[in-house]
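Below is input.tsv, holding TSV, C-alpha atoms and all ligand atoms.
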chain	number	residue	atom	x	y	z
A	3	MET	CA	-37.58	-12.69	6.45
A	4	HIS	CA	-40.84	-11.36	5.14
A	5	PHE	CA	-41.03	-9.06	2.09
A	6	ASP	CA	-44.20	-7.38	0.82
A	7	LYS	CA	-43.94	-8.42	-2.81
A	8	LEU	CA	-44.89	-5.93	-5.55
A	9	THR	CA	-46.36	-6.88	-8.90
A	10	VAL	CA	-44.53	-6.02	-12.11
A	11	ASN	CA	-45.74	-5.94	-15.69
A	12	PRO	CA	-44.43	-9.23	-17.15
A	13	ARG	CA	-44.53	-7.89	-20.72
A	14	ALA	CA	-42.44	-4.81	-19.81
A	15	THR	CA	-39.93	-7.05	-18.06
A	16	ALA	CA	-39.67	-9.36	-21.07
A	17	VAL	CA	-39.12	-6.39	-23.43
A	18	ASN	CA	-36.49	-4.88	-21.12
A	19	ARG	CA	-34.62	-8.16	-20.87
A	20	ARG	CA	-34.68	-8.64	-24.65
A	21	VAL	CA	-33.40	-5.10	-25.30
A	22	GLU	CA	-30.57	-5.71	-22.84
A	23	GLN	CA	-29.63	-8.98	-24.56
A	24	LEU	CA	-29.43	-7.25	-27.94
A	25	ALA	CA	-27.43	-4.33	-26.52
A	26	ASN	CA	-25.10	-6.76	-24.72
A	27	ALA	CA	-24.43	-8.75	-27.87
A	28	ALA	CA	-23.87	-5.51	-29.83
A	29	VAL	CA	-21.41	-3.79	-27.42
A	30	ARG	CA	-19.37	-6.94	-26.87
A	31	ALA	CA	-19.25	-7.77	-30.59
A	32	TRP	CA	-18.24	-4.17	-31.38
A	33	ASP	CA	-15.45	-4.18	-28.77
A	34	ALA	CA	-14.25	-7.63	-29.87
A	35	ALA	CA	-14.11	-6.45	-33.51
A	36	LYS	CA	-12.12	-3.35	-32.53
A	37	ALA	CA	-9.70	-5.48	-30.50
A	38	LYS	CA	-9.22	-7.79	-33.49
A	39	VAL	CA	-8.00	-4.93	-35.70
A	40	GLY	CA	-5.68	-3.57	-33.00
A	41	LEU	CA	-7.91	-0.78	-31.65
A	42	THR	CA	-8.94	-0.43	-27.99
A	43	GLY	CA	-11.88	-2.75	-27.44
A	44	ARG	CA	-12.93	-3.52	-23.91
A	45	ARG	CA	-10.57	-1.44	-21.77
A	46	ALA	CA	-10.94	-3.49	-18.59
A	47	ASP	CA	-8.96	-6.71	-18.44
A	48	TYR	CA	-11.95	-8.17	-16.68
A	49	ASP	CA	-13.89	-11.39	-17.25
A	50	ASP	CA	-17.32	-10.80	-15.80
A	51	HIS	CA	-18.55	-14.25	-16.88
A	52	ALA	CA	-15.95	-15.83	-14.58
A	53	TYR	CA	-16.27	-12.99	-12.01
A	54	GLU	CA	-12.47	-12.76	-12.15
A	55	PHE	CA	-9.83	-10.63	-13.80
A	56	VAL	CA	-8.32	-12.11	-16.96
A	57	GLY	CA	-5.57	-14.45	-15.80
A	58	GLY	CA	-7.61	-16.09	-13.06
A	59	ALA	CA	-7.49	-15.90	-9.27
A	60	ARG	CA	-3.76	-16.63	-8.65
A	61	ASP	CA	-4.28	-16.76	-4.91
A	62	ALA	CA	-0.59	-17.46	-4.26
A	63	LEU	CA	0.31	-13.95	-5.49
A	64	ARG	CA	-2.49	-12.41	-3.47
A	65	LYS	CA	-1.40	-14.23	-0.30
A	66	LYS	CA	2.29	-13.32	-0.71
A	67	HIS	CA	1.76	-9.66	-1.47
A	68	TYR	CA	-1.73	-8.45	-0.53
A	69	ASP	CA	-2.50	-10.52	2.58
A	70	LYS	CA	1.08	-10.27	3.85
A	71	SER	CA	1.14	-6.50	3.31
A	72	LEU	CA	-2.08	-6.16	5.27
A	73	ARG	CA	-0.59	-8.25	8.10
A	74	LEU	CA	2.52	-6.05	8.12
A	75	LEU	CA	0.65	-2.80	7.55
A	76	TRP	CA	2.17	-0.13	9.77
A	77	LYS	CA	0.70	3.14	10.89
A	78	ALA	CA	2.64	6.40	10.74
A	79	GLU	CA	0.97	7.52	13.97
A	80	GLU	CA	2.70	4.67	15.83
A	81	HIS	CA	6.08	4.67	14.07
A	82	ALA	CA	6.42	8.42	13.43
A	83	SER	CA	4.55	9.88	16.36
A	84	TRP	CA	6.14	13.29	15.65
A	85	SER	CA	4.39	13.45	12.25
A	86	SER	CA	1.00	14.97	11.48
A	87	PHE	CA	-0.48	11.54	10.73
A	88	ARG	CA	-3.50	10.33	12.64
A	89	ASP	CA	-4.00	6.98	10.97
A	90	ALA	CA	-4.25	4.64	13.99
A	91	THR	CA	-7.65	3.17	14.82
A	92	ALA	CA	-9.20	3.75	18.25
A	93	GLY	CA	-8.25	0.16	19.13
A	94	GLU	CA	-4.61	0.65	18.06
A	95	ARG	CA	-4.41	3.89	20.06
A	96	ALA	CA	-5.78	2.16	23.15
A	97	LEU	CA	-3.24	-0.68	22.72
A	98	LEU	CA	-0.39	1.84	22.46
A	99	GLY	CA	-1.57	3.44	25.70
A	100	ILE	CA	-1.73	0.08	27.49
A	101	ALA	CA	1.75	-0.89	26.22
A	102	GLU	CA	3.17	2.43	27.44
A	103	ARG	CA	1.63	2.02	30.89
A	104	GLY	CA	3.39	-1.35	31.26
A	105	MET	CA	6.83	0.08	30.41
A	106	ASN	CA	9.47	1.18	32.86
A	107	ASP	CA	10.95	4.69	32.57
A	108	ALA	CA	13.88	3.63	30.38
A	109	GLU	CA	11.58	1.80	27.96
A	110	LYS	CA	9.23	4.78	27.91
A	111	ALA	CA	12.09	7.13	27.05
A	112	ALA	CA	13.28	4.82	24.25
A	113	ARG	CA	9.78	4.62	22.81
A	114	ALA	CA	8.78	8.19	23.55
A	115	ARG	CA	5.84	9.53	21.60
A	116	ILE	CA	7.51	12.80	20.84
A	117	SER	CA	5.97	15.90	19.34
A	118	SER	CA	7.20	17.44	16.13
A	119	ALA	CA	9.02	20.24	18.04
A	120	GLU	CA	10.78	17.66	20.21
A	121	PHE	CA	11.64	15.65	17.12
A	122	ARG	CA	13.24	18.66	15.44
A	123	ALA	CA	15.20	19.30	18.63
A	124	LEU	CA	16.38	15.69	18.62
A	125	LEU	CA	17.62	16.04	15.03
A	126	ASP	CA	19.44	19.30	15.93
A	127	ARG	CA	21.07	17.58	18.89
A	128	GLU	CA	22.17	14.47	17.00
A	129	TYR	CA	23.40	15.98	13.73
A	130	THR	CA	25.58	18.90	12.62
A	131	PRO	CA	24.16	21.15	9.85
A	132	ALA	CA	26.44	19.41	7.32
A	133	GLU	CA	25.22	15.97	8.43
A	134	LYS	CA	21.60	17.13	8.25
A	135	SER	CA	22.14	18.39	4.69
A	136	ALA	CA	23.80	15.11	3.73
A	137	ILE	CA	20.93	13.02	5.13
A	138	VAL	CA	18.35	15.25	3.40
A	139	SER	CA	20.18	14.98	0.05
A	140	ILE	CA	20.31	11.19	0.26
A	141	LEU	CA	16.76	10.76	1.56
A	142	SER	CA	15.21	13.24	-0.86
A	143	ALA	CA	16.83	11.37	-3.78
A	144	ILE	CA	14.68	8.40	-2.80
A	145	GLY	CA	11.83	10.68	-1.72
A	146	HIS	CA	11.47	11.84	-5.34
A	147	GLY	CA	11.72	8.16	-6.28
A	148	GLU	CA	8.72	7.40	-4.04
A	149	ALA	CA	6.63	9.85	-6.09
A	150	TYR	CA	7.49	7.89	-9.23
A	151	ALA	CA	7.05	4.54	-7.47
A	152	TRP	CA	3.49	5.64	-6.65
A	153	LEU	CA	2.83	6.54	-10.31
A	154	VAL	CA	4.54	3.50	-11.82
A	155	SER	CA	2.84	1.02	-9.48
A	156	ALA	CA	-0.55	2.59	-10.25
A	157	SER	CA	0.17	2.25	-13.99
A	158	MET	CA	0.97	-1.46	-13.48
A	159	MET	CA	-2.67	-2.02	-12.61
A	160	PHE	CA	-3.30	-2.10	-16.38
A	161	GLU	CA	-0.31	-4.35	-17.16
A	162	VAL	CA	-0.59	-7.36	-14.86
A	163	GLU	CA	-2.95	-10.28	-15.32
A	164	SER	CA	-5.13	-12.00	-12.70
A	165	THR	CA	-6.98	-10.99	-9.57
A	166	GLY	CA	-4.06	-11.99	-7.31
A	167	ALA	CA	-1.48	-9.85	-9.14
A	168	ARG	CA	-3.83	-6.88	-9.24
A	169	ALA	CA	-4.36	-7.18	-5.47
A	170	ALA	CA	-0.57	-7.32	-5.03
A	171	VAL	CA	-0.05	-4.17	-7.13
A	172	THR	CA	-2.87	-2.41	-5.25
A	173	MET	CA	-0.99	-2.91	-1.99
A	174	GLN	CA	2.17	-1.48	-3.57
A	175	VAL	CA	0.24	1.63	-4.67
A	176	LEU	CA	-1.06	2.07	-1.11
A	177	GLU	CA	2.40	1.61	0.40
A	178	GLU	CA	4.14	3.95	-2.05
A	179	ALA	CA	1.55	6.64	-1.29
A	180	LYS	CA	2.34	6.26	2.41
A	181	HIS	CA	6.10	6.26	1.74
A	182	PHE	CA	5.86	9.48	-0.25
A	183	VAL	CA	3.86	11.45	2.30
A	184	VAL	CA	5.58	10.13	5.46
A	185	LEU	CA	9.09	10.50	4.01
A	186	ARG	CA	8.31	14.06	2.91
A	187	GLU	CA	7.39	15.02	6.49
A	188	LEU	CA	10.51	13.31	7.81
A	189	ILE	CA	12.71	15.20	5.35
A	190	GLN	CA	10.98	18.52	6.05
A	191	ALA	CA	11.58	18.05	9.80
A	192	PHE	CA	15.34	18.46	9.19
A	193	GLY	CA	14.68	22.12	8.35
A	194	VAL	CA	17.31	22.39	5.60
A	195	PRO	CA	16.76	23.10	1.87
A	196	ILE	CA	15.51	20.05	-0.04
A	197	PRO	CA	17.35	19.49	-3.34
A	198	ARG	CA	15.60	18.97	-6.67
A	199	GLN	CA	16.06	15.72	-8.58
A	200	SER	CA	19.51	15.36	-10.11
A	201	ALA	CA	19.63	14.98	-13.90
A	202	TRP	CA	20.50	11.28	-13.42
A	203	GLU	CA	17.54	10.72	-11.18
A	204	TYR	CA	15.27	12.55	-13.62
A	205	LEU	CA	16.47	10.31	-16.46
A	206	LEU	CA	16.20	7.09	-14.42
A	207	LEU	CA	12.70	7.74	-13.08
A	208	GLU	CA	11.25	9.12	-16.33
A	209	GLY	CA	12.76	6.08	-18.07
A	210	CYS	CA	10.91	3.79	-15.64
A	211	LEU	CA	7.59	5.54	-16.12
A	212	LYS	CA	7.93	5.61	-19.92
A	213	ALA	CA	9.14	1.99	-20.22
A	214	ARG	CA	6.97	-0.49	-22.07
A	215	GLY	CA	4.64	-2.85	-20.20
A	216	LEU	CA	6.34	-5.25	-17.82
A	217	ASP	CA	9.74	-3.58	-18.35
A	218	ARG	CA	8.46	-1.11	-15.75
A	219	PHE	CA	8.82	-3.96	-13.23
A	220	PHE	CA	12.54	-3.99	-14.08
A	221	GLY	CA	13.01	-0.22	-13.84
A	222	MET	CA	10.98	0.28	-10.68
A	223	ASN	CA	10.78	-2.97	-8.65
A	224	VAL	CA	14.29	-4.16	-9.48
A	225	LEU	CA	16.39	-1.01	-9.93
A	226	VAL	CA	14.77	1.86	-8.05
A	227	GLU	CA	13.48	-0.34	-5.21
A	228	THR	CA	16.98	-1.79	-4.71
A	229	ILE	CA	18.39	1.72	-4.38
A	230	ALA	CA	15.56	2.53	-1.93
A	231	LEU	CA	16.12	-0.67	0.05
A	232	SER	CA	19.85	0.10	0.26
A	233	ILE	CA	19.33	3.71	1.39
A	234	PHE	CA	16.80	2.67	4.06
A	235	GLY	CA	19.10	-0.17	5.16
A	236	LEU	CA	21.97	2.31	5.46
A	237	LEU	CA	20.09	4.94	7.49
A	238	SER	CA	17.43	3.11	9.55
A	239	ASP	CA	19.71	2.66	12.59
A	240	LYS	CA	20.42	6.40	12.88
A	241	PRO	CA	18.72	8.49	15.61
A	242	GLY	CA	15.33	9.79	14.53
A	243	LEU	CA	15.28	7.67	11.37
A	244	GLU	CA	13.92	4.48	12.92
A	245	VAL	CA	10.71	4.67	10.86
A	246	LEU	CA	12.84	3.78	7.80
A	247	ARG	CA	12.85	0.17	9.12
A	248	MET	CA	9.20	-0.04	8.14
A	249	PHE	CA	10.01	1.36	4.66
A	250	HIS	CA	12.80	-1.22	4.33
A	251	LEU	CA	10.35	-4.08	5.04
A	252	ASP	CA	7.84	-2.78	2.47
A	253	GLU	CA	10.49	-2.29	-0.23
A	254	SER	CA	11.79	-5.82	0.30
A	255	ARG	CA	8.32	-7.13	-0.60
A	256	HIS	CA	8.19	-4.85	-3.64
A	257	THR	CA	11.54	-6.14	-4.95
A	258	ALA	CA	10.18	-9.71	-4.76
A	259	LEU	CA	7.04	-8.93	-6.79
A	260	PRO	CA	8.43	-9.36	-10.35
A	261	ASP	CA	9.92	-12.78	-9.57
A	262	ASN	CA	6.72	-13.99	-7.91
A	263	TYR	CA	4.65	-12.62	-10.81
A	264	PHE	CA	6.80	-14.30	-13.46
A	265	LYS	CA	6.47	-17.63	-11.63
A	266	GLU	CA	2.76	-17.43	-12.53
A	267	PHE	CA	3.08	-15.62	-15.88
A	268	PRO	CA	6.60	-16.30	-17.19
A	269	LEU	CA	8.27	-13.95	-19.63
A	270	SER	CA	8.68	-15.60	-23.01
A	271	LYS	CA	12.12	-16.82	-24.05
A	272	TRP	CA	12.28	-13.99	-26.57
A	273	GLN	CA	11.31	-11.37	-23.97
A	274	ARG	CA	14.15	-12.60	-21.74
A	275	HIS	CA	16.83	-13.12	-24.36
A	276	SER	CA	16.13	-10.56	-27.09
A	277	PRO	CA	19.34	-8.52	-27.61
A	278	ARG	CA	17.28	-5.35	-28.11
A	279	ARG	CA	15.49	-5.85	-24.80
A	280	ARG	CA	18.74	-6.64	-22.96
A	281	LEU	CA	20.26	-3.42	-24.29
A	282	ALA	CA	17.11	-1.44	-23.43
A	283	ARG	CA	17.34	-2.70	-19.84
A	284	LEU	CA	20.98	-1.71	-19.58
A	285	ALA	CA	20.14	1.73	-21.01
A	286	MET	CA	17.35	2.11	-18.46
A	287	ALA	CA	19.74	1.14	-15.65
A	288	LEU	CA	22.73	3.27	-16.65
A	289	PRO	CA	21.61	6.59	-15.05
A	290	ALA	CA	21.54	4.72	-11.69
A	291	VAL	CA	25.36	4.60	-11.68
A	292	PRO	CA	26.06	8.37	-11.94
A	293	LEU	CA	23.03	8.94	-9.67
A	294	VAL	CA	24.66	6.98	-6.85
A	295	LEU	CA	28.14	8.41	-7.55
A	296	TYR	CA	26.67	11.94	-7.47
A	297	LEU	CA	25.99	11.35	-3.75
A	298	GLU	CA	29.70	10.71	-2.97
A	299	PRO	CA	30.23	13.80	-0.73
A	300	GLU	CA	26.95	13.26	1.15
A	301	LEU	CA	27.67	9.57	1.79
A	302	ALA	CA	31.24	10.45	2.82
A	303	GLU	CA	29.85	12.95	5.35
A	304	LEU	CA	28.05	9.98	6.96
A	305	GLY	CA	31.14	7.76	6.82
A	306	THR	CA	30.09	5.60	3.89
A	307	ASP	CA	32.25	5.00	0.81
A	308	VAL	CA	30.11	5.68	-2.27
A	309	PHE	CA	31.71	2.78	-4.17
A	310	GLU	CA	30.86	0.31	-1.42
A	311	PHE	CA	27.30	1.61	-1.51
A	312	ALA	CA	27.17	1.49	-5.33
A	313	GLY	CA	28.74	-1.98	-5.42
A	314	SER	CA	26.21	-3.25	-2.90
A	315	VAL	CA	23.30	-1.75	-4.91
A	316	LEU	CA	24.59	-3.17	-8.22
A	317	ARG	CA	25.16	-6.67	-6.83
A	318	LYS	CA	21.62	-6.77	-5.39
A	319	ALA	CA	19.97	-5.30	-8.50
A	320	VAL	CA	21.76	-7.71	-10.86
A	321	HIS	CA	20.79	-10.64	-8.62
A	322	LEU	CA	17.11	-9.62	-8.66
A	323	ALA	CA	17.13	-8.90	-12.40
A	324	GLU	CA	18.57	-12.31	-13.30
A	325	ARG	CA	16.28	-14.14	-10.89
A	326	ALA	CA	13.21	-12.51	-12.46
A	327	GLY	CA	14.46	-13.29	-16.00
A	328	PHE	CA	15.34	-9.71	-16.94
A	329	LEU	CA	18.59	-10.69	-18.66
A	330	LEU	CA	21.21	-8.02	-19.36
A	331	PRO	CA	23.76	-7.82	-22.21
A	332	LEU	CA	26.33	-9.71	-20.08
A	333	PRO	CA	25.88	-12.43	-17.44
A	334	GLY	CA	25.72	-10.99	-13.90
A	335	PRO	CA	29.27	-11.82	-12.69
A	336	GLN	CA	30.85	-10.41	-15.87
A	337	LEU	CA	28.76	-7.25	-15.75
A	338	LEU	CA	29.69	-6.69	-12.10
A	339	ALA	CA	33.38	-7.26	-12.93
A	340	VAL	CA	33.18	-4.56	-15.64
A	341	PHE	CA	31.65	-2.06	-13.22
A	342	ASN	CA	34.21	-3.00	-10.55
A	343	ARG	CA	37.02	-2.20	-13.00
A	344	ILE	CA	35.37	1.15	-13.87
A	345	PHE	CA	34.98	2.01	-10.17
A	346	ASN	CA	38.61	1.13	-9.43
A	347	ALA	CA	39.82	3.16	-12.43
A	348	TYR	CA	37.84	6.18	-11.14
A	349	CYS	CA	39.32	5.69	-7.66
A	350	ARG	CA	42.88	5.49	-9.08
A	351	LEU	CA	42.28	8.90	-10.68
A	352	THR	CA	40.62	10.56	-7.70
A	353	ARG	CA	42.00	8.88	-4.55
A	354	GLU	CA	45.62	8.96	-3.47
A	355	GLY	CA	47.24	5.57	-2.85
A	356	HIS	CA	44.18	3.65	-4.05
A	357	ALA	CA	44.54	-0.15	-3.98
A	358	PHE	CA	42.29	-2.38	-6.13
A	359	ARG	CA	39.19	-3.55	-4.23
A	360	ASP	CA	36.18	-5.71	-4.89
A	361	TYR	CA	33.46	-3.15	-4.33
A	362	MET	CA	30.81	-5.60	-5.57
A	363	ALA	CA	31.28	-7.70	-2.41
A	364	ALA	CA	30.52	-4.78	-0.08
A	365	ASP	CA	27.34	-4.42	1.93
A	366	THR	CA	26.32	-1.13	3.48
A	367	THR	CA	23.09	-2.29	5.15
A	368	HIS	CA	23.25	-1.76	8.91
A	369	GLY	CA	21.00	-3.29	11.55
A	370	ALA	CA	20.54	-6.99	12.25
A	371	ALA	CA	16.83	-7.02	11.36
A	372	GLU	CA	17.45	-5.28	8.01
A	373	ALA	CA	20.36	-7.63	7.19
A	374	ALA	CA	18.12	-10.64	7.96
A	375	VAL	CA	15.39	-9.30	5.65
A	376	GLU	CA	17.95	-8.86	2.85
A	377	ARG	CA	19.44	-12.32	3.41
A	378	GLU	CA	15.99	-13.72	2.72
A	379	ILE	CA	15.87	-11.90	-0.64
A	380	PHE	CA	19.47	-12.05	-1.79
A	381	GLY	CA	20.71	-15.27	-0.15
A	382	GLY	CA	23.33	-15.64	2.56
A	383	GLY	CA	26.75	-15.96	1.00
A	384	SER	CA	27.05	-12.88	-1.18
A	385	ALA	CA	27.19	-10.13	1.40
A	386	GLU	CA	30.49	-9.45	3.05
A	387	THR	CA	30.51	-7.30	6.15
A	388	THR	CA	32.45	-4.10	5.71
A	389	PRO	CA	33.83	-1.94	8.50
A	390	GLN	CA	30.83	0.39	8.06
A	391	ALA	CA	28.42	-2.49	8.46
A	392	ALA	CA	30.18	-3.98	11.48
A	401	FE	FE	8.53	3.03	-1.57
A	402	FE	FE	8.47	0.31	-3.18
Would you give me this structure, written as structure tokens?
Amino acid sequence: MHFDKLTVNPRATAVNRRVEQLANAAVRAWDAAKAKVGLTGRRADYDDHAYEFVGGARDALRKKHYDKSLRLLWKAEEHASWSSFRDATAGERALLGIAERGMNDAEKAARARISSAEFRALLDREYTPAEKSAIVSILSAIGHGEAYAWLVSASMMFEVESTGARAAVTMQVLEEAKHFVVLRELIQAFGVPIPRQSAWEYLLLEGCLKARGLDRFFGMNVLVETIALSIFGLLSDKPGLEVLRMFHLDESRHTALPDNYFKEFPLSKWQRHSPRRRLARLAMALPAVPLVLYLEPELAELGTDVFEFAGSVLRKAVHLAERAGFLLPLPGPQLLAVFNRIFNAYCRLTREGHAFRDYMAADTTHGAAEAAVEREIFGGGSAETTPQAA
């Protein structure tokens, strides 16, 4: 390569370089001094000398969460063809066309690229108005949660250390943005009024957003994501809701993020065991219980017992919390036993002929693929198949 070199004034260059060196020493010393006395020094957690974020590369985190998310990245145009999204590349669109040409009529019908009017007609055909309202109430509860998941994950960008963890969080931000906008269109397609957040949901989600530092991982990635995972696992096999399978896969990766992060940057013993922190976590989690119970009539409309759903959510959330080191005031099995007694007491008061049941052993996730994904996260033995799941 040939360049026509230009001449520069060597004296001007030397002066410029010297001025920069002095300015560099001054701004960095000033920021370091401010940081020493507890003020905001350098805002970016970035080490430009190492060309790396503070905390290092941590490629394992990047591979598990950023690279894997990119491999599993799904496009709304393919999985929700009825939506307004046009996010497939020209290559992906061509591939979809080729795949459709190779299908027989039955396969084509099963994988029909339906318009939004046809999609609304499908929903009207499959569900009564009461069932549509129930689905919208349940889905919008997590739809509002997706708005907060977007905000909380973006705020985590300033909490995590290392390039790998920041890449992982970046993927979560991207996926939560997609969840929020795609789910909103799905919910709107039902054509029934969309409820506001319940008071319990308001408290839970504001609590997550206002939580300190890494405690937001507990509130969002452990608690709220487990509720999301459970709702998507419950509904993804229903007609017209197949796109929720893709949400379920994404949320399963999000629930694994705190544990993978703490493998690289462990919580201190005090952070895990401090009684104040354990109580704060329980307080953050408590609105989740009335939030789920509030959906009893809607879940019943779809044939699901709210206590089986709540038991399944609690068992999974407690498992994830303990695995990540977010200890609670009581060990997991004892805490679950307390909630099981509370649930049974409530049922004795409100249900005729109630017999004591272990709601914590229930699992309301349908669909073989979704169950397999959850087995990977929660282990094999804990989930018992209920009549609803059969
Ligand atoms: Fe999400
Ligand atoms: Fe998520």
**OP:** Counting only C-alpha atoms and all ligand atoms, name the residues that have an atom within 12 Å of an atom of ligand FE 401 (chain A); the answer should be given as a VMD selection string.
**Re:** chain A and resid 141 143 to 155 173 to 186 222 to 223 226 to 234 246 to 257
Could those selected residues go to a file with C-alpha atoms, as a PDB file, in the frame of the given file?
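See selection.pdb below for the written result:
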ATOM      1  CA  LEU A 141      16.760  10.760   1.560  1.00  0.00           C
ATOM      2  CA  ALA A 143      16.830  11.370  -3.780  1.00  0.00           C
ATOM      3  CA  ILE A 144      14.680   8.400  -2.800  1.00  0.00           C
ATOM      4  CA  GLY A 145      11.830  10.680  -1.720  1.00  0.00           C
ATOM      5  CA  HIS A 146      11.470  11.840  -5.340  1.00  0.00           C
ATOM      6  CA  GLY A 147      11.720   8.160  -6.280  1.00  0.00           C
ATOM      7  CA  GLU A 148       8.720   7.400  -4.040  1.00  0.00           C
ATOM      8  CA  ALA A 149       6.630   9.850  -6.090  1.00  0.00           C
ATOM      9  CA  TYR A 150       7.490   7.890  -9.230  1.00  0.00           C
ATOM     10  CA  ALA A 151       7.050   4.540  -7.470  1.00  0.00           C
ATOM     11  CA  TRP A 152       3.490   5.640  -6.650  1.00  0.00           C
ATOM     12  CA  LEU A 153       2.830   6.540 -10.310  1.00  0.00           C
ATOM     13  CA  VAL A 154       4.540   3.500 -11.820  1.00  0.00           C
ATOM     14  CA  SER A 155       2.840   1.020  -9.480  1.00  0.00           C
ATOM     15  CA  MET A 173      -0.990  -2.910  -1.990  1.00  0.00           C
ATOM     16  CA  GLN A 174       2.170  -1.480  -3.570  1.00  0.00           C
ATOM     17  CA  VAL A 175       0.240   1.630  -4.670  1.00  0.00           C
ATOM     18  CA  LEU A 176      -1.060   2.070  -1.110  1.00  0.00           C
ATOM     19  CA  GLU A 177       2.400   1.610   0.400  1.00  0.00           C
ATOM     20  CA  GLU A 178       4.140   3.950  -2.050  1.00  0.00           C
ATOM     21  CA  ALA A 179       1.550   6.640  -1.290  1.00  0.00           C
ATOM     22  CA  LYS A 180       2.340   6.260   2.410  1.00  0.00           C
ATOM     23  CA  HIS A 181       6.100   6.260   1.740  1.00  0.00           C
ATOM     24  CA  PHE A 182       5.860   9.480  -0.250  1.00  0.00           C
ATOM     25  CA  VAL A 183       3.860  11.450   2.300  1.00  0.00           C
ATOM     26  CA  VAL A 184       5.580  10.130   5.460  1.00  0.00           C
ATOM     27  CA  LEU A 185       9.090  10.500   4.010  1.00  0.00           C
ATOM     28  CA  ARG A 186       8.310  14.060   2.910  1.00  0.00           C
ATOM     29  CA  MET A 222      10.980   0.280 -10.680  1.00  0.00           C
ATOM     30  CA  ASN A 223      10.780  -2.970  -8.650  1.00  0.00           C
ATOM     31  CA  VAL A 226      14.770   1.860  -8.050  1.00  0.00           C
ATOM     32  CA  GLU A 227      13.480  -0.340  -5.210  1.00  0.00           C
ATOM     33  CA  THR A 228      16.980  -1.790  -4.710  1.00  0.00           C
ATOM     34  CA  ILE A 229      18.390   1.720  -4.380  1.00  0.00           C
ATOM     35  CA  ALA A 230      15.560   2.530  -1.930  1.00  0.00           C
ATOM     36  CA  LEU A 231      16.120  -0.670   0.050  1.00  0.00           C
ATOM     37  CA  SER A 232      19.850   0.100   0.260  1.00  0.00           C
ATOM     38  CA  ILE A 233      19.330   3.710   1.390  1.00  0.00           C
ATOM     39  CA  PHE A 234      16.800   2.670   4.060  1.00  0.00           C
ATOM     40  CA  LEU A 246      12.840   3.780   7.800  1.00  0.00           C
ATOM     41  CA  ARG A 247      12.850   0.170   9.120  1.00  0.00           C
ATOM     42  CA  MET A 248       9.200  -0.040   8.140  1.00  0.00           C
ATOM     43  CA  PHE A 249      10.010   1.360   4.660  1.00  0.00           C
ATOM     44  CA  HIS A 250      12.800  -1.220   4.330  1.00  0.00           C
ATOM     45  CA  LEU A 251      10.350  -4.080   5.040  1.00  0.00           C
ATOM     46  CA  ASP A 252       7.840  -2.780   2.470  1.00  0.00           C
ATOM     47  CA  GLU A 253      10.490  -2.290  -0.230  1.00  0.00           C
ATOM     48  CA  SER A 254      11.790  -5.820   0.300  1.00  0.00           C
ATOM     49  CA  ARG A 255       8.320  -7.130  -0.600  1.00  0.00           C
ATOM     50  CA  HIS A 256       8.190  -4.850  -3.640  1.00  0.00           C
ATOM     51  CA  THR A 257      11.540  -6.140  -4.950  1.00  0.00           C
TER      52      THR A 257
END
Original post:
Between A:Arg88, A:Arg20, A:Gly221, A:Lys66, which one has atoms that come closest to ligand FE 402 (chain A), using only C-alpha atoms and all ligand atoms?
Top reply: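 Ranked by minimum distance to ligand FE 402 (chain A), first place goes to A:Gly221.
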Subject >> Option closest in space to ligand FE 402 (chain A), from A:Leu297, A:Ala258, A:Tyr263, A:Glu161 [counting all atoms listed in the file] >> reply: A:Ala258
Original post:
Counting all atoms listed in the file, which residues come within 9 Å of (-6.1, -14.6, -9.2), with the point read in the file's coordinates, and could you list them as a PyMOL selection string?
Top reply: chain A and resi 54-64+163-169
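Ranking A:Leu124, A:Val29, A:Ala156, A:Ile140 by their shortest atom-to-atom distance to ligand FE 402 (chain A), with only C-alpha atoms and all ligand atoms included, puts A:Ala156 first.
Once A:Lys134 and its same-chain neighbours fewer than 6 positions away are set aside, A:Leu125, A:Asp126, A:Phe192, A:Gly193, A:Val194 remain within 9 Å of it when counting only C-alpha atoms.
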Would you put the residues from that selection into a file with C-alpha atoms, as a PDB file, keeping the file's coordinate frame?
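Result file is again_28.pdb:
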ATOM      1  CA  LEU A 125      17.620  16.040  15.030  1.00  0.00           C
ATOM      2  CA  ASP A 126      19.440  19.300  15.930  1.00  0.00           C
ATOM      3  CA  PHE A 192      15.340  18.460   9.190  1.00  0.00           C
ATOM      4  CA  GLY A 193      14.680  22.120   8.350  1.00  0.00           C
ATOM      5  CA  VAL A 194      17.310  22.390   5.600  1.00  0.00           C
TER       6      VAL A 194
END
Subject >> Residues near A:Asp33, cut-off 10 Å, all atoms listed in the file, skip fewer than 6 positions along chain, as a PyMOL selection string >> reply: chain A and resi 41-45
